[in-house]
>>> print(open('run_28.json').read())   # JSON, C-alpha atoms
[["chain", "number", "residue", "atom", "x", "y", "z"],
["R", 299, "MET", "CA", -26.09, -30.61, 130.18],
["R", 300, "LYS", "CA", -29.33, -30.36, 128.17],
["R", 301, "SER", "CA", -30.02, -26.91, 129.54],
["R", 302, "LEU", "CA", -26.57, -25.79, 128.47],
["R", 303, "LYS", "CA", -27.17, -27.05, 124.92],
["R", 304, "LYS", "CA", -30.50, -25.26, 124.78],
["R", 305, "GLU", "CA", -28.88, -22.05, 125.99],
["R", 306, "ALA", "CA", -26.16, -22.33, 123.31],
["R", 307, "LYS", "CA", -28.74, -22.74, 120.55],
["R", 308, "GLY", "CA", -30.98, -19.93, 121.77],
["R", 309, "LYS", "CA", -33.95, -19.26, 123.97],
["R", 310, "LYS", "CA", -37.63, -18.92, 123.38],
["R", 311, "ILE", "CA", -39.16, -15.46, 123.40],
["R", 312, "ALA", "CA", -42.70, -14.21, 123.02],
["R", 313, "GLY", "CA", -44.55, -15.79, 120.16],
["R", 314, "GLY", "CA", -42.63, -19.04, 120.31],
["R", 315, "LYS", "CA", -39.69, -17.74, 118.22],
["R", 316, "VAL", "CA", -36.07, -18.62, 118.94],
["R", 317, "GLU", "CA", -33.50, -15.91, 119.47],
["R", 318, "ASN", "CA", -30.22, -16.61, 117.68],
["R", 319, "ARG", "CA", -27.51, -15.58, 120.14],
["R", 320, "SER", "CA", -24.61, -15.97, 117.71],
["R", 321, "ALA", "CA", -26.35, -13.65, 115.28],
["R", 322, "ALA", "CA", -26.97, -11.10, 118.02],
["R", 323, "VAL", "CA", -23.31, -11.07, 118.96],
["R", 324, "THR", "CA", -22.04, -10.68, 115.42],
["R", 325, "GLY", "CA", -24.72, -8.28, 114.33],
["R", 326, "GLY", "CA", -26.01, -10.73, 111.70],
["R", 327, "PRO", "CA", -29.64, -11.52, 110.92],
["R", 328, "LYS", "CA", -31.66, -12.93, 113.78],
["R", 329, "THR", "CA", -33.32, -15.60, 111.69],
["R", 330, "SER", "CA", -31.93, -17.75, 108.92],
["R", 331, "ASN", "CA", -33.35, -16.75, 105.57],
["R", 332, "ALA", "CA", -31.87, -18.04, 102.31],
["R", 333, "ASN", "CA", -33.37, -15.11, 100.46],
["R", 334, "ASP", "CA", -31.59, -12.48, 102.58],
["R", 335, "GLU", "CA", -29.12, -10.58, 100.45],
["R", 336, "GLY", "CA", -25.57, -11.39, 101.51],
["R", 337, "ALA", "CA", -26.64, -14.34, 103.65],
["R", 338, "ILE", "CA", -24.40, -16.67, 101.65],
["R", 339, "LYS", "CA", -21.24, -15.43, 99.97],
["R", 340, "CYS", "CA", -19.63, -17.48, 97.20],
["R", 341, "ARG", "CA", -16.10, -16.96, 95.87],
["R", 342, "VAL", "CA", -15.51, -18.29, 92.36],
["R", 343, "VAL", "CA", -12.00, -19.65, 91.95],
["R", 344, "LEU", "CA", -10.80, -19.95, 88.34],
["R", 345, "ASN", "CA", -8.39, -22.69, 87.38],
["R", 346, "ARG", "CA", -5.35, -22.12, 85.18],
["R", 347, "SER", "CA", -7.15, -23.12, 81.98],
["R", 348, "GLN", "CA", -10.06, -20.74, 82.64],
["R", 349, "LYS", "CA", -7.64, -17.87, 83.36],
["R", 350, "GLU", "CA", -5.79, -18.59, 80.13],
["R", 351, "SER", "CA", -9.07, -18.53, 78.20],
["R", 352, "ILE", "CA", -9.93, -15.11, 79.66],
["R", 353, "GLU", "CA", -6.47, -13.76, 78.76],
["R", 354, "ILE", "CA", -6.77, -15.04, 75.18],
["R", 355, "ARG", "CA", -10.21, -13.48, 74.71],
["R", 356, "SER", "CA", -9.00, -10.19, 76.16],
["R", 357, "GLU", "CA", -5.96, -10.02, 73.86],
["R", 358, "PHE", "CA", -8.07, -10.69, 70.77],
["R", 359, "GLU", "CA", -10.75, -8.20, 71.79],
["R", 360, "LYS", "CA", -8.05, -5.51, 71.85],
["R", 361, "ARG", "CA", -7.48, -6.29, 68.16],
["R", 362, "GLY", "CA", -11.19, -6.25, 67.36],
["R", 363, "GLU", "CA", -11.61, -10.04, 67.25],
["R", 364, "ILE", "CA", -14.30, -11.94, 69.17],
["R", 365, "LEU", "CA", -13.40, -15.62, 69.46],
["R", 366, "THR", "CA", -15.80, -18.54, 69.82],
["R", 367, "ASP", "CA", -15.25, -21.18, 72.50],
["R", 368, "ALA", "CA", -13.91, -23.56, 69.86],
["R", 369, "GLN", "CA", -11.42, -20.95, 68.62],
["R", 370, "VAL", "CA", -10.19, -20.28, 72.16],
["R", 371, "ARG", "CA", -9.62, -24.01, 72.64],
["R", 372, "MET", "CA", -7.70, -24.11, 69.35],
["R", 373, "VAL", "CA", -5.44, -21.23, 70.41],
["R", 374, "LYS", "CA", -4.68, -22.97, 73.72],
["R", 375, "LYS", "CA", -3.92, -26.26, 71.96],
["R", 376, "GLU", "CA", -1.63, -24.63, 69.40],
["R", 377, "GLY", "CA", 0.07, -22.62, 72.14],
["R", 378, "LYS", "CA", 0.92, -25.87, 73.91],
["R", 379, "LEU", "CA", 2.41, -27.25, 70.67],
["R", 380, "MET", "CA", 4.51, -24.11, 70.19],
["R", 381, "ARG", "CA", 5.86, -24.27, 73.71],
["R", 382, "ASN", "CA", 7.09, -27.80, 73.03],
["R", 383, "ILE", "CA", 9.15, -26.78, 69.99],
["R", 384, "LYS", "CA", 12.79, -27.56, 70.78],
["R", 385, "SER", "CA", 14.57, -27.32, 67.41],
["R", 386, "GLY", "CA", 14.57, -25.40, 64.16],
["R", 387, "SER", "CA", 13.27, -28.39, 62.20],
["R", 388, "GLN", "CA", 10.32, -28.71, 64.60],
["R", 389, "ALA", "CA", 9.51, -25.02, 64.14],
["R", 390, "VAL", "CA", 9.60, -25.34, 60.35],
["R", 391, "HIS", "CA", 7.35, -28.42, 60.47],
["R", 392, "TYR", "CA", 4.91, -26.67, 62.81],
["R", 393, "PHE", "CA", 4.36, -23.68, 60.53],
["R", 394, "ASN", "CA", 4.35, -25.80, 57.35],
["R", 395, "THR", "CA", 1.50, -27.93, 58.71],
["R", 396, "LEU", "CA", -0.40, -25.17, 60.52],
["R", 397, "GLN", "CA", -2.90, -24.37, 57.74],
["R", 398, "GLU", "CA", -3.55, -28.05, 57.05],
["R", 399, "ARG", "CA", -4.21, -28.62, 60.75],
["R", 400, "VAL", "CA", -6.46, -25.66, 61.59],
["R", 401, "GLY", "CA", -7.58, -24.26, 58.22],
["R", 402, "THR", "CA", -7.05, -20.80, 56.71],
["R", 403, "ARG", "CA", -9.14, -18.94, 59.29],
["R", 404, "GLY", "CA", -7.52, -20.88, 62.12],
["R", 405, "MET", "CA", -4.07, -20.04, 60.77],
["R", 406, "GLN", "CA", -4.94, -16.33, 60.74],
["R", 407, "ILE", "CA", -6.06, -16.56, 64.37],
["R", 408, "ILE", "CA", -2.90, -18.38, 65.43],
["R", 409, "LEU", "CA", -0.70, -15.82, 63.64],
["R", 410, "LEU", "CA", -2.54, -13.12, 65.60],
["R", 411, "ALA", "CA", -1.82, -14.93, 68.86],
["R", 412, "VAL", "CA", 1.79, -14.13, 69.73],
["R", 413, "ILE", "CA", 2.13, -16.58, 72.61],
["R", 414, "TRP", "CA", 5.90, -17.06, 72.84],
["R", 415, "ILE", "CA", 8.86, -15.10, 71.53],
["R", 416, "ILE", "CA", 11.99, -17.14, 70.89],
["R", 417, "LYS", "CA", 15.06, -15.14, 71.88],
["R", 418, "ALA", "CA", 18.82, -15.65, 72.17],
["R", 419, "LYS", "CA", 20.95, -15.61, 75.28],
["R", 420, "CYS", "CA", 24.69, -16.03, 75.57],
["R", 421, "PRO", "CA", 26.08, -16.94, 79.00],
["R", 422, "MET", "CA", 29.76, -15.96, 79.23],
["R", 423, "PRO", "CA", 32.48, -17.25, 81.62],
["R", 424, "GLU", "CA", 32.78, -13.95, 83.48],
["R", 425, "GLN", "CA", 35.32, -15.25, 86.02],
["R", 426, "ASN", "CA", 37.74, -16.67, 83.43],
["R", 427, "PRO", "CA", 39.19, -13.97, 81.13],
["R", 428, "ARG", "CA", 40.97, -16.45, 78.87],
["R", 429, "ALA", "CA", 37.80, -18.51, 78.33],
["R", 430, "TYR", "CA", 35.79, -15.30, 77.90],
["R", 431, "GLN", "CA", 38.11, -14.08, 75.15],
["R", 432, "LEU", "CA", 38.06, -17.44, 73.35],
["R", 433, "LYS", "CA", 34.28, -17.58, 73.38],
["R", 434, "SER", "CA", 34.03, -14.02, 72.05],
["R", 435, "VAL", "CA", 36.44, -14.95, 69.25],
["R", 436, "SER", "CA", 34.23, -17.94, 68.41],
["R", 437, "LEU", "CA", 31.12, -15.75, 68.30],
["R", 438, "ALA", "CA", 32.83, -13.30, 65.94],
["R", 439, "SER", "CA", 34.10, -16.16, 63.76],
["R", 440, "LEU", "CA", 30.57, -17.53, 63.31],
["R", 441, "GLN", "CA", 29.41, -14.10, 62.17],
["R", 442, "THR", "CA", 32.29, -13.82, 59.69],
["R", 443, "LEU", "CA", 31.65, -17.28, 58.22],
["R", 444, "ASN", "CA", 27.84, -16.86, 58.10],
["R", 445, "ALA", "CA", 27.66, -20.49, 56.96],
["R", 446, "GLN", "CA", 23.84, -20.65, 57.04],
["R", 447, "GLY", "CA", 23.31, -17.23, 55.46],
["R", 448, "TYR", "CA", 21.14, -15.88, 58.27],
["R", 449, "PHE", "CA", 23.29, -12.87, 59.19],
["R", 450, "ILE", "CA", 22.09, -10.39, 56.58],
["R", 451, "PRO", "CA", 22.60, -7.49, 56.90],
["R", 452, "PRO", "CA", 25.90, -8.28, 58.67],
["R", 453, "PHE", "CA", 26.44, -7.44, 62.33],
["R", 454, "PRO", "CA", 27.54, -3.76, 62.12],
["R", 455, "GLY", "CA", 29.82, -4.10, 65.15],
["R", 456, "LEU", "CA", 31.75, -7.13, 63.85],
["R", 457, "ALA", "CA", 34.98, -5.30, 62.91],
["R", 458, "THR", "CA", 35.06, -3.53, 66.27],
["R", 459, "MET", "CA", 34.39, -6.81, 68.08],
["R", 460, "ILE", "CA", 37.36, -8.47, 66.36],
["R", 461, "LEU", "CA", 39.63, -5.57, 67.33],
["R", 462, "ASN", "CA", 38.37, -5.71, 70.93],
["R", 463, "ASN", "CA", 39.03, -9.46, 71.06],
["R", 464, "THR", "CA", 42.61, -8.88, 69.88],
["R", 465, "ALA", "CA", 43.15, -6.14, 72.47],
["R", 466, "MET", "CA", 41.87, -8.42, 75.23],
["R", 467, "LEU", "CA", 44.20, -11.22, 74.14],
["R", 468, "THR", "CA", 47.15, -8.80, 74.26],
["R", 469, "ALA", "CA", 46.20, -7.74, 77.80],
["R", 470, "ILE", "CA", 45.96, -11.40, 78.88],
["R", 471, "VAL", "CA", 49.32, -12.34, 77.33],
["R", 472, "LYS", "CA", 51.06, -9.39, 79.02],
["R", 473, "PHE", "CA", 49.57, -10.31, 82.39],
["R", 474, "GLU", "CA", 50.50, -13.98, 82.05],
["R", 475, "ALA", "CA", 54.09, -13.03, 81.12],
["R", 476, "LYS", "CA", 54.61, -11.78, 84.70],
["R", 477, "ASN", "CA", 57.17, -9.23, 83.52],
["R", 478, "GLY", "CA", 55.39, -6.15, 84.80],
["R", 479, "THR", "CA", 53.86, -5.16, 81.44],
["R", 480, "GLY", "CA", 50.37, -6.40, 82.32],
["R", 481, "SER", "CA", 47.91, -6.29, 85.21],
["R", 482, "THR", "CA", 44.58, -7.70, 86.33],
["R", 483, "GLU", "CA", 43.11, -4.21, 85.98],
["R", 484, "ALA", "CA", 44.13, -4.04, 82.32],
["R", 485, "VAL", "CA", 42.61, -7.47, 81.64],
["R", 486, "ALA", "CA", 39.37, -6.50, 83.41],
["R", 487, "ALA", "CA", 39.16, -3.26, 81.43],
["R", 488, "ALA", "CA", 39.70, -5.12, 78.14],
["R", 489, "GLN", "CA", 37.05, -7.69, 79.08],
["R", 490, "ALA", "CA", 34.56, -4.91, 79.85],
["R", 491, "VAL", "CA", 35.08, -3.53, 76.34],
["R", 492, "VAL", "CA", 34.60, -6.98, 74.80],
["R", 493, "LYS", "CA", 31.40, -7.40, 76.84],
["R", 494, "ILE", "CA", 29.96, -4.33, 75.10],
["R", 495, "SER", "CA", 30.53, -6.03, 71.74],
["R", 496, "VAL", "CA", 29.01, -9.30, 72.97],
["R", 497, "ASP", "CA", 25.93, -7.49, 74.29],
["R", 498, "LEU", "CA", 25.48, -5.66, 70.98],
["R", 499, "LEU", "CA", 25.80, -8.95, 69.13],
["R", 500, "ILE", "CA", 23.05, -10.49, 71.29],
["R", 501, "VAL", "CA", 20.81, -7.52, 70.46],
["R", 502, "TYR", "CA", 21.55, -7.97, 66.75],
["R", 503, "VAL", "CA", 20.78, -11.72, 66.83],
["R", 504, "ASN", "CA", 17.52, -11.07, 68.68],
["R", 505, "GLN", "CA", 16.50, -8.52, 66.07],
["R", 506, "LEU", "CA", 16.92, -11.22, 63.43],
["R", 507, "CYS", "CA", 14.96, -13.68, 65.58],
["R", 508, "LEU", "CA", 12.08, -11.25, 66.12],
["R", 509, "ALA", "CA", 11.87, -10.66, 62.37],
["R", 510, "ASP", "CA", 11.89, -14.40, 61.62],
["R", 511, "GLN", "CA", 10.44, -16.45, 64.48],
["R", 512, "THR", "CA", 10.04, -19.44, 62.16],
["R", 513, "ASN", "CA", 13.82, -19.78, 61.86],
["R", 514, "ALA", "CA", 14.70, -18.23, 65.22],
["R", 515, "LEU", "CA", 16.07, -21.45, 66.74],
["R", 516, "GLU", "CA", 18.30, -22.06, 63.73],
["R", 517, "ILE", "CA", 19.51, -18.42, 63.76],
["R", 518, "ILE", "CA", 20.42, -18.73, 67.44],
["R", 519, "GLU", "CA", 22.22, -22.01, 66.89],
["R", 520, "ALA", "CA", 24.15, -20.56, 63.94],
["R", 521, "ALA", "CA", 25.22, -17.65, 66.17],
["R", 522, "GLY", "CA", 26.64, -20.03, 68.78],
["R", 523, "MET", "CA", 24.11, -18.95, 71.40],
["R", 524, "LEU", "CA", 21.33, -20.54, 73.46],
["R", 525, "SER", "CA", 17.60, -20.05, 73.04],
["R", 526, "TRP", "CA", 14.93, -19.18, 75.56],
["R", 527, "LYS", "CA", 11.24, -18.36, 75.33],
["R", 528, "GLN", "CA", 9.69, -15.21, 76.67],
["R", 529, "LYS", "CA", 6.02, -14.88, 77.47],
["R", 530, "ALA", "CA", 4.78, -11.99, 75.39],
["R", 531, "LYS", "CA", 2.72, -10.12, 77.96],
["R", 532, "ASN", "CA", 3.01, -7.58, 80.76],
["R", 533, "THR", "CA", 5.73, -5.74, 78.85],
["R", 534, "LYS", "CA", 5.55, -2.47, 76.99],
["R", 535, "PRO", "CA", 5.64, -3.49, 73.32],
["R", 536, "ASP", "CA", 8.31, -2.20, 70.98],
["R", 537, "PHE", "CA", 5.61, -1.94, 68.31],
["R", 538, "SER", "CA", 1.82, -1.82, 68.58],
["R", 539, "VAL", "CA", -1.18, -1.24, 66.34],
["R", 540, "LYS", "CA", -4.67, 0.08, 67.13],
["R", 541, "GLN", "CA", -7.83, 0.54, 65.13],
["R", 542, "GLY", "CA", -8.56, 4.18, 64.36],
["R", 543, "ALA", "CA", -11.42, 5.43, 62.21],
["R", 544, "SER", "CA", -12.84, 3.08, 59.59],
["R", 545, "GLY", "CA", -10.02, 1.94, 57.31],
["R", 546, "GLU", "CA", -7.39, 3.59, 59.49],
["R", 547, "VAL", "CA", -4.84, 1.94, 61.77],
["R", 548, "ILE", "CA", -2.59, 3.77, 64.24],
["R", 549, "LEU", "CA", 0.98, 2.41, 64.39],
["R", 550, "THR", "CA", 3.17, 3.18, 67.40],
["R", 551, "SER", "CA", 6.83, 2.39, 68.08],
["R", 552, "LEU", "CA", 8.97, 2.87, 71.14],
["R", 553, "ALA", "CA", 11.18, 5.91, 70.73],
["R", 554, "GLY", "CA", 14.62, 5.21, 69.28],
["R", 555, "LYS", "CA", 17.22, 4.98, 72.04],
["R", 556, "ILE", "CA", 20.90, 4.08, 72.37],
["R", 557, "ASP", "CA", 22.25, 3.37, 75.86],
["R", 558, "LYS", "CA", 18.83, 4.41, 77.26],
["R", 559, "THR", "CA", 19.21, 7.87, 75.69],
["R", 560, "ARG", "CA", 16.72, 9.04, 73.06],
["R", 561, "VAL", "CA", 18.41, 9.74, 69.73],
["R", 562, "PRO", "CA", 17.27, 11.16, 66.35],
["R", 563, "THR", "CA", 15.47, 8.30, 64.60],
["R", 564, "THR", "CA", 13.83, 7.67, 61.24],
["R", 565, "TYR", "CA", 10.91, 5.23, 61.37],
["R", 566, "TYR", "CA", 10.02, 3.01, 58.40],
["R", 567, "TRP", "CA", 6.49, 1.57, 58.29],
["R", 568, "GLN", "CA", 4.99, -1.18, 56.12],
["R", 569, "TYR", "CA", 1.68, -3.01, 55.76],
["R", 570, "GLY", "CA", 1.26, -6.49, 54.33],
["R", 571, "LEU", "CA", -1.58, -8.23, 52.48],
["R", 572, "MET", "CA", -1.97, -11.89, 51.58],
["R", 573, "VAL", "CA", -1.82, -12.36, 47.81],
["R", 574, "GLY", "CA", -2.60, -16.02, 47.26],
["R", 575, "THR", "CA", -0.33, -17.82, 49.71],
["R", 576, "GLU", "CA", 2.28, -15.03, 49.89],
["R", 577, "LEU", "CA", 2.40, -12.02, 52.20],
["R", 578, "ILE", "CA", 3.28, -8.94, 50.12],
["R", 579, "TRP", "CA", 4.67, -5.84, 51.87],
["R", 580, "TYR", "CA", 3.92, -2.24, 50.86],
["R", 581, "ASP", "CA", 5.69, 0.90, 52.11],
["R", 582, "LEU", "CA", 3.96, 3.60, 54.13],
["R", 583, "PRO", "CA", 5.43, 7.12, 54.42],
["R", 584, "GLU", "CA", 8.43, 7.15, 56.75],
["R", 585, "THR", "CA", 8.53, 9.54, 59.70],
["R", 586, "VAL", "CA", 11.48, 11.40, 61.20],
["R", 587, "ASN", "CA", 11.68, 11.73, 65.00],
["R", 588, "ARG", "CA", 8.01, 10.81, 65.22],
["R", 589, "CYS", "CA", 7.33, 7.32, 66.56],
["R", 590, "LYS", "CA", 3.66, 7.21, 65.58],
["R", 591, "THR", "CA", 1.85, 7.24, 62.25],
["R", 592, "THR", "CA", -1.56, 6.40, 60.82],
["R", 593, "ALA", "CA", -2.05, 3.96, 57.96],
["R", 594, "LEU", "CA", -4.86, 5.35, 55.80],
["R", 595, "GLY", "CA", -7.07, 3.60, 53.27],
["R", 596, "MET", "CA", -6.62, 0.10, 54.65],
["R", 597, "PRO", "CA", -9.06, -2.51, 53.26],
["R", 598, "ILE", "CA", -11.86, -3.07, 55.76],
["R", 599, "ASN", "CA", -12.94, -6.52, 56.98],
["R", 600, "THR", "CA", -9.52, -7.78, 55.96],
["R", 601, "ILE", "CA", -6.59, -9.19, 57.93],
["R", 602, "VAL", "CA", -3.71, -6.73, 57.43],
["R", 603, "SER", "CA", -0.18, -7.12, 58.82],
["R", 604, "PHE", "CA", 2.01, -4.24, 59.95],
["R", 605, "ARG", "CA", 5.71, -3.87, 60.82],
["R", 606, "LYS", "CA", 8.34, -1.19, 61.33],
["R", 607, "ALA", "CA", 12.09, -0.64, 61.23],
["R", 608, "THR", "CA", 14.27, 2.23, 62.44],
["R", 609, "ARG", "CA", 17.46, 3.99, 61.44],
["R", 610, "THR", "CA", 19.79, 6.00, 63.67],
["R", 611, "THR", "CA", 23.13, 7.62, 62.90],
["R", 612, "LYS", "CA", 25.01, 5.50, 65.42],
["R", 613, "GLY", "CA", 23.03, 2.27, 65.26],
["R", 614, "GLY", "CA", 22.34, 2.18, 61.53],
["R", 615, "MET", "CA", 19.34, 0.45, 59.96],
["R", 616, "SER", "CA", 17.53, -2.17, 62.03],
["R", 617, "VAL", "CA", 15.75, -5.21, 60.65],
["R", 618, "TYR", "CA", 11.96, -5.10, 60.45],
["R", 619, "CYS", "CA", 10.20, -6.14, 63.64],
["R", 620, "THR", "CA", 7.86, -9.10, 64.06],
["R", 621, "PRO", "CA", 4.69, -8.28, 62.12],
["R", 622, "ILE", "CA", 1.39, -7.69, 63.91],
["R", 623, "ALA", "CA", -1.79, -8.69, 62.10],
["R", 624, "MET", "CA", -5.27, -7.38, 62.80],
["R", 625, "LEU", "CA", -8.74, -7.35, 61.31],
["R", 626, "VAL", "CA", -9.25, -3.84, 59.94],
["R", 627, "LYS", "CA", -12.72, -2.38, 60.37]]
>>> encode(input="run_28.json", output="structure tokens")
Amino acid sequence: MKSLKKEAKGKKIAGGKVENRSAAVTGGPKTSNANDEGAIKCRVVLNRSQKESIEIRSEFEKRGEILTDAQVRMVKKEGKLMRNIKSGSQAVHYFNTLQERVGTRGMQIILLAVIWIIKAKCPMPEQNPRAYQLKSVSLASLQTLNAQGYFIPPFPGLATMILNNTAMLTAIVKFEAKNGTGSTEAVAAAQAVVKISVDLLIVYVNQLCLADQTNALEIIEAAGMLSWKQKAKNTKPDFSVKQGASGEVILTSLAGKIDKTRVPTTYYWQYGLMVGTELIWYDLPETVNRCKTTALGMPINTIVSFRKATRTTKGGMSVYCTPIAMLVK
């Protein structure tokens, strides 16, 4: 048994050295040496918090900002608070107390960190035409009443939506009469038309939410819809900004499209500066059928906000998008 163990470990050769059989088989080094390159391989595994820190630093570096460790921790802490916001009143309280909690510089950093986007969704009872029609009528009614005053400018497709709701109700009544004047096909066709209006309304509400994330939850509630939060990464942005030459910032928008088809579009651009405690917006030259422009003469070493809106013949004028702030160099 002892001889077998000695054979497994190795055998003596000239000079009293021990041959490492396992190393000979695998082609590895014949002797153990801690200094041999590649002798020990280590794989560093990052935890979730470390990965989040790397992502935060990377996003800010794209905007020309280098964060300290303390600032990264602050962004992570505030991100956790934002993710726990469940109501409009909580959102208002969060932003009202932000500067007091983290200071002016901290508030600027947090406003740069778009961590979550609050959006609207509107599940519809697809399998029940009567319930579908009633819910669409309720959605249109909330837009007409505009009790909270959030729906400005008004939903441009409201009149069409009301007409579509009426047409769907007529199709349902004829089918339920069982006198041969209606059919399931006619009801399905009418519902498909109403769905177009509902989808356009969701787009409209989300445009308002993107332009006013502070009140997004209240806007969604006033529209009779549900809210959800979208992680703002790994998606091609509708609007982006990039440092150009000194004092210049390149603004880029996605091309204007309707039903996935590019259409003639006028782009409206603005930049904003903090004057006291108020963000004041200034117009930049609009562009026609050109979804990129350069903001010239921007104040250097200053946080400047940018936003854009679009106008198309069919879609009309959009609301301004969520502003993006950056440190101009």
>>> atom_distance(input="run_28.json", atom1="CA of Cys420 in chain R", atom2="CA of Ile500 in chain R")
7.2 Å
>>> axis_aligned_box(input="run_28.json", around="range 582-588 of chain R", padding_each_side="5 Å", output="JSON")
{"center_x": 7.8, "center_y": 7.7, "center_z": 59.7, "size_x": 17.7, "size_y": 18.1, "size_z": 21.1}
>>> closest_residue(input="run_28.json", among="R:Ile416, R:Cys619, R:Val539, R:Val485", to="Met380 in chain R", atoms="only C-alpha atoms")
R:Ile416
>>> closest_residue(input="run_28.json", among="R:Thr611, R:Thr592, R:Thr479, R:Thr620", to="Ala509 in chain R", atoms="only C-alpha atoms")
R:Thr620
>>> closest_residue(input="run_28.json", among="R:Ile407, R:Lys433, R:Ala623, R:Tyr448", to="Asp510 in chain R", atoms="all atoms listed in the file")
R:Tyr448
>>> atom_distance(input="run_28.json", atom1="CA of Thr512 in chain R", atom2="CA of Phe393 in chain R")
7.3 Å
>>> closest_residue(input="run_28.json", among="R:Pro427, R:Pro451, R:Pro562, R:Gly595", to="Ala487 in chain R", atoms="only C-alpha atoms")
R:Pro427
>>> residues_around(input="run_28.json", residues="range 542-549 of chain R", least_positions_apart="4", cutoff="8 Å", atoms="all atoms listed in the file", output="list of chain:residue names")
R:Phe537, R:Ser538, R:Lys590, R:Thr591, R:Thr592, R:Ala593, R:Leu594, R:Gly595, R:Met596, R:Pro597, R:Ile598, R:Val626, R:Lys627
>>> atom_distance(input="run_28.json", atom1="CA of Val561 in chain R", atom2="CA of Gly455 in chain R")
18.5 Å
>>> residues_around(input="run_28.json", residues="Thr608 in chain R", least_positions_apart="4", cutoff="6 Å", atoms="all atoms listed in the file", output="JSON, numbers by chain")
{"R": [564, 565, 566, 615, 616]}
>>> closest_residue(input="run_28.json", among="R:Leu432, R:Met624, R:Met459, R:Ile408", to="Ile494 in chain R", atoms="all atoms listed in the file")
R:Met459
